[in-house]
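The structure appears right after this line, and notes come after that.
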Amino acid sequence: MEQAIDIVLMAFMAVTAIVMIRLRNLYAVVMLSGIFSLLSASMFVVLDAVDVAFTEAAVGAGISTVLMLGTLALTFREERPRRRRDLTPLAVVLVTGAALIYGTLDMPHFGDPNAPIHHHVAPRYIEDSPVEVGPPNMVTSVLASYRGYDTLGETTVIFTAGVAVMVLLSGVWRRRRRVAPLDPDAGRVSADGEGRPAHTETDP
Amino acid sequence: MIETILGLYNYWIVIVLMMAGFYTVIARGNLAKKIIGLNIFQTSVFLLYITMGYVRGGTAPIVDPSGEATLYTNPLPSVLILTAIVVGIATTALGLALAVRIRESHGTLEEDEILAIEDRMDGEH
């Protein structure tokens, strides 16, 4: 039963991803990426990784969709149609994909309890962490205690990214307000750091 | 044969998703679309790890107080992916902020137009 749900959800995800590639309306793509994250969160529930599932539902389907919508509001909603069709990327992707699929032929099968991944450090975490650390949720114990430095590093990454985003975006709103009221079509005409119109010859 | 297909199905879909993301990054010129492609790629890696950690007949790695459950899913991939999700949203936010900034200074998000503008600016100096 679990495998049937798994197969259906995975197929949904593949279809969603391919539709996301093909659509040019970025608003629709962002909505689909929210659905994609929600589907992956459901997959994580099926695969018994509940902590990952609710993080993905909150962060992937929630925060990242909001961030992308904000970006679209500040930029464009449509992707420009391609001028020429280039088959090189498709060839690269097909070759890489074929090589990766060849690589999976040796992998332990889905759900196999004898896979090597389950016989190294994992048994120790499962057996000892409730005694050594305390919380019944082993993921919490490993995250906050055994691999606590990882989590500290992660916090540093978030902090750095937050500072960088604030530095990049400071002044965007102020400059937009200065440019926008004069020109309803300001989305196509750019202004550089000082608010001067720049490179208007790029307009179609 | 059927057993092999069912046993490896998840990995194959993960590879399809990975290649979908990769294709979006290398074939599309729009920077916002490229970031969405990176997100698809990221999610496929999450699924790869979580699939490897799954144990058939196991339960989520939370201690069963009644002591009946003895087979748990591997907690280690979950931990690694929790970290990866949060780092992923940080990089996505940074990429989107860069896109907004590039749109502000160049007036476009299409890669070839940006390169043309950059070339012209180099010529002026």
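Order determines the names: the first chain of the structure tokens is A, the second B, and so forth; residues in each chain are numbered 1 upward, and ligands are numbered 1 upward as they are shown.
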When the cut-off is 7 Å and we count only C-alpha atoms, which residues of chain B are near chain A, given as a PDB file with N, CA, C and O atoms, in the first residue's frame?
```
ATOM      1  N   GLY B   7      11.891  -1.713  -7.023  1.00  0.00           N
ATOM      2  CA  GLY B   7      12.932  -1.386  -6.039  1.00  0.00           C
ATOM      3  C   GLY B   7      13.702  -0.136  -6.415  1.00  0.00           C
ATOM      4  O   GLY B   7      14.193   0.578  -5.538  1.00  0.00           O
ATOM      5  N   LEU B   8      13.828   0.146  -7.710  1.00  0.00           N
ATOM      6  CA  LEU B   8      14.637   1.295  -8.118  1.00  0.00           C
ATOM      7  C   LEU B   8      13.797   2.457  -8.623  1.00  0.00           C
ATOM      8  O   LEU B   8      14.338   3.502  -8.961  1.00  0.00           O
ATOM      9  N   TYR B  11      14.493   5.946  -7.209  1.00  0.00           N
ATOM     10  CA  TYR B  11      15.743   6.550  -7.657  1.00  0.00           C
ATOM     11  C   TYR B  11      15.588   7.098  -9.064  1.00  0.00           C
ATOM     12  O   TYR B  11      16.127   8.164  -9.389  1.00  0.00           O
ATOM     13  N   TRP B  12      14.847   6.365  -9.900  1.00  0.00           N
ATOM     14  CA  TRP B  12      14.712   6.815 -11.290  1.00  0.00           C
ATOM     15  C   TRP B  12      13.916   8.105 -11.362  1.00  0.00           C
ATOM     16  O   TRP B  12      14.289   9.032 -12.082  1.00  0.00           O
ATOM     17  N   ILE B  13      12.814   8.182 -10.596  1.00  0.00           N
ATOM     18  CA  ILE B  13      12.059   9.443 -10.613  1.00  0.00           C
ATOM     19  C   ILE B  13      12.916  10.572 -10.045  1.00  0.00           C
ATOM     20  O   ILE B  13      12.889  11.703 -10.561  1.00  0.00           O
ATOM     21  N   ILE B  15      16.042  10.884 -10.379  1.00  0.00           N
ATOM     22  CA  ILE B  15      16.960  11.306 -11.447  1.00  0.00           C
ATOM     23  C   ILE B  15      16.217  12.139 -12.492  1.00  0.00           C
ATOM     24  O   ILE B  15      16.744  13.141 -12.985  1.00  0.00           O
ATOM     25  N   VAL B  16      14.947  11.746 -12.793  1.00  0.00           N
ATOM     26  CA  VAL B  16      14.164  12.555 -13.736  1.00  0.00           C
ATOM     27  C   VAL B  16      14.005  13.979 -13.202  1.00  0.00           C
ATOM     28  O   VAL B  16      14.228  14.967 -13.921  1.00  0.00           O
ATOM     29  N   LEU B  17      13.679  14.102 -11.900  1.00  0.00           N
ATOM     30  CA  LEU B  17      13.502  15.427 -11.310  1.00  0.00           C
ATOM     31  C   LEU B  17      14.817  16.208 -11.340  1.00  0.00           C
ATOM     32  O   LEU B  17      14.848  17.402 -11.652  1.00  0.00           O
ATOM     33  N   MET B  19      17.296  15.901 -13.392  1.00  0.00           N
ATOM     34  CA  MET B  19      17.620  16.342 -14.740  1.00  0.00           C
ATOM     35  C   MET B  19      16.677  17.458 -15.176  1.00  0.00           C
ATOM     36  O   MET B  19      17.078  18.359 -15.923  1.00  0.00           O
ATOM     37  N   ALA B  20      15.410  17.429 -14.705  1.00  0.00           N
ATOM     38  CA  ALA B  20      14.488  18.526 -15.021  1.00  0.00           C
ATOM     39  C   ALA B  20      15.038  19.834 -14.461  1.00  0.00           C
ATOM     40  O   ALA B  20      15.064  20.863 -15.147  1.00  0.00           O
ATOM     41  N   TYR B  23      18.205  20.844 -16.415  1.00  0.00           N
ATOM     42  CA  TYR B  23      17.858  21.381 -17.732  1.00  0.00           C
ATOM     43  C   TYR B  23      17.399  22.832 -17.602  1.00  0.00           C
ATOM     44  O   TYR B  23      17.818  23.698 -18.382  1.00  0.00           O
ATOM     45  N   THR B  24      16.523  23.094 -16.601  1.00  0.00           N
ATOM     46  CA  THR B  24      16.041  24.466 -16.425  1.00  0.00           C
ATOM     47  C   THR B  24      17.201  25.417 -16.172  1.00  0.00           C
ATOM     48  O   THR B  24      17.228  26.527 -16.683  1.00  0.00           O
ATOM     49  N   ILE B  26      20.450  25.096 -17.104  1.00  0.00           N
ATOM     50  CA  ILE B  26      21.384  25.354 -18.217  1.00  0.00           C
ATOM     51  C   ILE B  26      20.695  25.820 -19.488  1.00  0.00           C
ATOM     52  O   ILE B  26      21.319  26.455 -20.309  1.00  0.00           O
ATOM     53  N   ALA B  27      19.384  25.539 -19.665  1.00  0.00           N
ATOM     54  CA  ALA B  27      18.777  25.850 -20.957  1.00  0.00           C
ATOM     55  C   ALA B  27      17.973  27.136 -20.934  1.00  0.00           C
ATOM     56  O   ALA B  27      17.753  27.738 -21.979  1.00  0.00           O
ATOM     57  N   ASN B  30      16.144  32.929 -18.309  1.00  0.00           N
ATOM     58  CA  ASN B  30      15.543  33.801 -17.290  1.00  0.00           C
ATOM     59  C   ASN B  30      16.087  33.450 -15.906  1.00  0.00           C
ATOM     60  O   ASN B  30      16.045  32.286 -15.491  1.00  0.00           O
ATOM     61  N   ILE B  50      16.149  10.711   1.576  1.00  0.00           N
ATOM     62  CA  ILE B  50      15.080  10.150   2.405  1.00  0.00           C
ATOM     63  C   ILE B  50      14.685   8.767   1.904  1.00  0.00           C
ATOM     64  O   ILE B  50      14.393   7.869   2.699  1.00  0.00           O
ATOM     65  N   THR B  51      14.719   8.572   0.568  1.00  0.00           N
ATOM     66  CA  THR B  51      14.421   7.232   0.033  1.00  0.00           C
ATOM     67  C   THR B  51      15.430   6.216   0.548  1.00  0.00           C
ATOM     68  O   THR B  51      15.064   5.094   0.908  1.00  0.00           O
ATOM     69  N   TYR B  54      14.714   5.037   4.159  1.00  0.00           N
ATOM     70  CA  TYR B  54      13.456   4.346   4.457  1.00  0.00           C
ATOM     71  C   TYR B  54      13.700   2.856   4.697  1.00  0.00           C
ATOM     72  O   TYR B  54      14.505   2.225   4.027  1.00  0.00           O
ATOM     73  N   VAL B  55      12.987   2.288   5.706  1.00  0.00           N
ATOM     74  CA  VAL B  55      13.043   0.856   5.962  1.00  0.00           C
ATOM     75  C   VAL B  55      11.629   0.314   5.852  1.00  0.00           C
ATOM     76  O   VAL B  55      10.720   0.814   6.524  1.00  0.00           O
ATOM     77  N   ARG B  56      11.436  -0.695   5.019  1.00  0.00           N
ATOM     78  CA  ARG B  56      10.092  -1.256   4.863  1.00  0.00           C
ATOM     79  C   ARG B  56       9.652  -1.874   6.188  1.00  0.00           C
ATOM     80  O   ARG B  56      10.397  -2.625   6.816  1.00  0.00           O
ATOM     81  N   THR B  59       8.948   2.314  11.471  1.00  0.00           N
ATOM     82  CA  THR B  59       8.130   3.481  11.797  1.00  0.00           C
ATOM     83  C   THR B  59       9.031   4.692  11.878  1.00  0.00           C
ATOM     84  O   THR B  59      10.256   4.572  11.813  1.00  0.00           O
ATOM     85  N   ALA B  60       8.417   5.881  12.007  1.00  0.00           N
ATOM     86  CA  ALA B  60       9.188   7.107  12.165  1.00  0.00           C
ATOM     87  C   ALA B  60      10.084   6.974  13.400  1.00  0.00           C
ATOM     88  O   ALA B  60       9.704   6.327  14.374  1.00  0.00           O
ATOM     89  N   PRO B  61      11.292   7.556  13.351  1.00  0.00           N
ATOM     90  CA  PRO B  61      12.255   7.338  14.440  1.00  0.00           C
ATOM     91  C   PRO B  61      11.909   8.093  15.718  1.00  0.00           C
ATOM     92  O   PRO B  61      12.640   8.974  16.154  1.00  0.00           O
ATOM     93  N   ILE B  62      10.775   7.735  16.307  1.00  0.00           N
ATOM     94  CA  ILE B  62      10.371   8.308  17.591  1.00  0.00           C
ATOM     95  C   ILE B  62      10.112   7.127  18.518  1.00  0.00           C
ATOM     96  O   ILE B  62       9.378   6.206  18.137  1.00  0.00           O
ATOM     97  N   VAL B  63      10.725   7.125  19.685  1.00  0.00           N
ATOM     98  CA  VAL B  63      10.666   5.952  20.558  1.00  0.00           C
ATOM     99  C   VAL B  63       9.219   5.615  20.906  1.00  0.00           C
ATOM    100  O   VAL B  63       8.457   6.482  21.345  1.00  0.00           O
ATOM    101  N   THR B  73      12.901   3.829  10.979  1.00  0.00           N
ATOM    102  CA  THR B  73      13.559   4.405   9.804  1.00  0.00           C
ATOM    103  C   THR B  73      14.842   5.095  10.256  1.00  0.00           C
ATOM    104  O   THR B  73      14.927   5.592  11.376  1.00  0.00           O
ATOM    105  N   ASN B  74      15.828   5.098   9.365  1.00  0.00           N
ATOM    106  CA  ASN B  74      17.123   5.683   9.698  1.00  0.00           C
ATOM    107  C   ASN B  74      17.000   7.190   9.992  1.00  0.00           C
ATOM    108  O   ASN B  74      16.554   7.940   9.133  1.00  0.00           O
ATOM    109  N   PRO B  75      17.379   7.644  11.200  1.00  0.00           N
ATOM    110  CA  PRO B  75      17.212   9.075  11.507  1.00  0.00           C
ATOM    111  C   PRO B  75      18.261   9.974  10.856  1.00  0.00           C
ATOM    112  O   PRO B  75      18.032  11.168  10.707  1.00  0.00           O
ATOM    113  N   LEU B  76      19.398   9.398  10.456  1.00  0.00           N
ATOM    114  CA  LEU B  76      20.496  10.252   9.986  1.00  0.00           C
ATOM    115  C   LEU B  76      20.179  11.024   8.700  1.00  0.00           C
ATOM    116  O   LEU B  76      20.398  12.240   8.661  1.00  0.00           O
ATOM    117  N   SER B  78      17.338  12.043   7.705  1.00  0.00           N
ATOM    118  CA  SER B  78      16.381  13.101   8.075  1.00  0.00           C
ATOM    119  C   SER B  78      17.114  14.318   8.626  1.00  0.00           C
ATOM    120  O   SER B  78      16.801  15.458   8.269  1.00  0.00           O
ATOM    121  N   VAL B  79      18.107  14.056   9.490  1.00  0.00           N
ATOM    122  CA  VAL B  79      18.834  15.177  10.099  1.00  0.00           C
ATOM    123  C   VAL B  79      19.579  15.963   9.028  1.00  0.00           C
ATOM    124  O   VAL B  79      19.520  17.201   8.987  1.00  0.00           O
ATOM    125  N   ILE B  81      18.969  16.211   5.903  1.00  0.00           N
ATOM    126  CA  ILE B  81      18.080  16.921   4.991  1.00  0.00           C
ATOM    127  C   ILE B  81      17.401  18.098   5.675  1.00  0.00           C
ATOM    128  O   ILE B  81      17.146  19.123   5.039  1.00  0.00           O
ATOM    129  N   LEU B  82      17.142  17.974   6.986  1.00  0.00           N
ATOM    130  CA  LEU B  82      16.601  19.146   7.703  1.00  0.00           C
ATOM    131  C   LEU B  82      17.560  20.314   7.561  1.00  0.00           C
ATOM    132  O   LEU B  82      17.160  21.453   7.262  1.00  0.00           O
ATOM    133  N   THR B  83      18.858  20.048   7.765  1.00  0.00           N
ATOM    134  CA  THR B  83      19.853  21.110   7.604  1.00  0.00           C
ATOM    135  C   THR B  83      19.840  21.625   6.163  1.00  0.00           C
ATOM    136  O   THR B  83      19.857  22.833   5.928  1.00  0.00           O
ATOM    137  N   ILE B  85      17.440  21.635   3.925  1.00  0.00           N
ATOM    138  CA  ILE B  85      16.258  22.432   3.565  1.00  0.00           C
ATOM    139  C   ILE B  85      16.454  23.872   4.001  1.00  0.00           C
ATOM    140  O   ILE B  85      16.192  24.820   3.245  1.00  0.00           O
ATOM    141  N   VAL B  87      19.281  25.477   4.730  1.00  0.00           N
ATOM    142  CA  VAL B  87      20.331  26.142   3.955  1.00  0.00           C
ATOM    143  C   VAL B  87      19.809  26.458   2.547  1.00  0.00           C
ATOM    144  O   VAL B  87      20.098  27.511   1.979  1.00  0.00           O
ATOM    145  N   ILE B  89      16.762  27.258   1.616  1.00  0.00           N
ATOM    146  CA  ILE B  89      15.926  28.460   1.559  1.00  0.00           C
ATOM    147  C   ILE B  89      16.797  29.717   1.679  1.00  0.00           C
ATOM    148  O   ILE B  89      16.511  30.737   1.044  1.00  0.00           O
ATOM    149  N   ALA B  90      17.915  29.605   2.428  1.00  0.00           N
ATOM    150  CA  ALA B  90      18.807  30.762   2.542  1.00  0.00           C
ATOM    151  C   ALA B  90      19.426  31.088   1.186  1.00  0.00           C
ATOM    152  O   ALA B  90      19.443  32.256   0.772  1.00  0.00           O
ATOM    153  N   THR B  91      19.889  30.050   0.457  1.00  0.00           N
ATOM    154  CA  THR B  91      20.494  30.335  -0.842  1.00  0.00           C
ATOM    155  C   THR B  91      19.446  30.822  -1.839  1.00  0.00           C
ATOM    156  O   THR B  91      19.722  31.696  -2.652  1.00  0.00           O
ATOM    157  N   ALA B  93      16.786  32.585  -1.141  1.00  0.00           N
ATOM    158  CA  ALA B  93      16.502  33.988  -0.826  1.00  0.00           C
ATOM    159  C   ALA B  93      17.607  34.880  -1.372  1.00  0.00           C
ATOM    160  O   ALA B  93      17.338  35.938  -1.961  1.00  0.00           O
ATOM    161  N   LEU B  94      18.851  34.439  -1.212  1.00  0.00           N
ATOM    162  CA  LEU B  94      19.973  35.245  -1.706  1.00  0.00           C
ATOM    163  C   LEU B  94      19.920  35.364  -3.235  1.00  0.00           C
ATOM    164  O   LEU B  94      20.088  36.458  -3.790  1.00  0.00           O
ATOM    165  N   LEU B  96      17.281  35.125  -5.161  1.00  0.00           N
ATOM    166  CA  LEU B  96      16.163  35.975  -5.584  1.00  0.00           C
ATOM    167  C   LEU B  96      16.484  37.444  -5.343  1.00  0.00           C
ATOM    168  O   LEU B  96      16.142  38.310  -6.164  1.00  0.00           O
ATOM    169  N   ALA B  97      17.177  37.735  -4.229  1.00  0.00           N
ATOM    170  CA  ALA B  97      17.548  39.129  -3.968  1.00  0.00           C
ATOM    171  C   ALA B  97      18.490  39.633  -5.054  1.00  0.00           C
ATOM    172  O   ALA B  97      18.367  40.770  -5.531  1.00  0.00           O
ATOM    173  N   LEU B  98      19.443  38.774  -5.461  1.00  0.00           N
ATOM    174  CA  LEU B  98      20.344  39.164  -6.555  1.00  0.00           C
ATOM    175  C   LEU B  98      19.550  39.421  -7.825  1.00  0.00           C
ATOM    176  O   LEU B  98      19.832  40.383  -8.560  1.00  0.00           O
ATOM    177  N   VAL B 100      16.449  40.452  -8.079  1.00  0.00           N
ATOM    178  CA  VAL B 100      15.758  41.747  -7.958  1.00  0.00           C
ATOM    179  C   VAL B 100      16.727  42.887  -8.226  1.00  0.00           C
ATOM    180  O   VAL B 100      16.422  43.856  -8.939  1.00  0.00           O
ATOM    181  N   ARG B 101      17.943  42.748  -7.686  1.00  0.00           N
ATOM    182  CA  ARG B 101      18.955  43.803  -7.847  1.00  0.00           C
ATOM    183  C   ARG B 101      19.385  43.916  -9.318  1.00  0.00           C
ATOM    184  O   ARG B 101      19.561  45.023  -9.842  1.00  0.00           O
ATOM    185  N   ARG B 103      17.589  43.063 -11.924  1.00  0.00           N
ATOM    186  CA  ARG B 103      16.456  43.648 -12.637  1.00  0.00           C
ATOM    187  C   ARG B 103      16.456  45.168 -12.468  1.00  0.00           C
ATOM    188  O   ARG B 103      16.165  45.911 -13.405  1.00  0.00           O
ATOM    189  N   GLU B 104      16.856  45.622 -11.256  1.00  0.00           N
ATOM    190  CA  GLU B 104      16.841  47.053 -11.015  1.00  0.00           C
ATOM    191  C   GLU B 104      17.943  47.761 -11.815  1.00  0.00           C
ATOM    192  O   GLU B 104      17.716  48.827 -12.387  1.00  0.00           O
ATOM    193  N   SER B 105      19.119  47.145 -11.871  1.00  0.00           N
ATOM    194  CA  SER B 105      20.218  47.851 -12.525  1.00  0.00           C
ATOM    195  C   SER B 105      20.236  47.624 -14.039  1.00  0.00           C
ATOM    196  O   SER B 105      20.733  48.472 -14.765  1.00  0.00           O
ATOM    197  N   HIS B 106      19.736  46.499 -14.532  1.00  0.00           N
ATOM    198  CA  HIS B 106      19.814  46.209 -15.960  1.00  0.00           C
ATOM    199  C   HIS B 106      18.460  46.266 -16.657  1.00  0.00           C
ATOM    200  O   HIS B 106      18.401  46.257 -17.880  1.00  0.00           O
ATOM    201  N   GLY B 107      17.362  46.222 -15.888  1.00  0.00           N
ATOM    202  CA  GLY B 107      16.041  46.309 -16.504  1.00  0.00           C
ATOM    203  C   GLY B 107      15.582  45.036 -17.173  1.00  0.00           C
ATOM    204  O   GLY B 107      14.601  45.037 -17.905  1.00  0.00           O
TER     205      GLY B 107
END
```
- Once DSSP has gone over the backbone, tell me which residues of segment 3-96 of chain B are in helix (DSSP H, G or I), as a ChimeraX atom specification. /B:3-27,31-53,75-96
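In this model, the gap between atom CA of Ala99 of chain B and atom CA of Ala32 of chain B comes to 6.8 Å.
For chain B, backbone-based DSSP labels the following residues as strand (DSSP E or B): B:Asn30, B:Thr59, B:Ile62, B:Tyr72, B:Glu110.
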Separating atom CA of Met31 of chain A from atom CA of Tyr49 of chain B, to the nearest tenth of an Å, is a gap of 25.3 Å
In Å and to one decimal, atom CA of Arg174 of chain A is distant from atom CA of Gly95 of chain B by 21.0 Å
From the list B:Gly67, B:Gly58, B:Gly53, B:Gly29, the nearest residue to Ile114 of chain B using only C-alpha atoms is B:Gly29
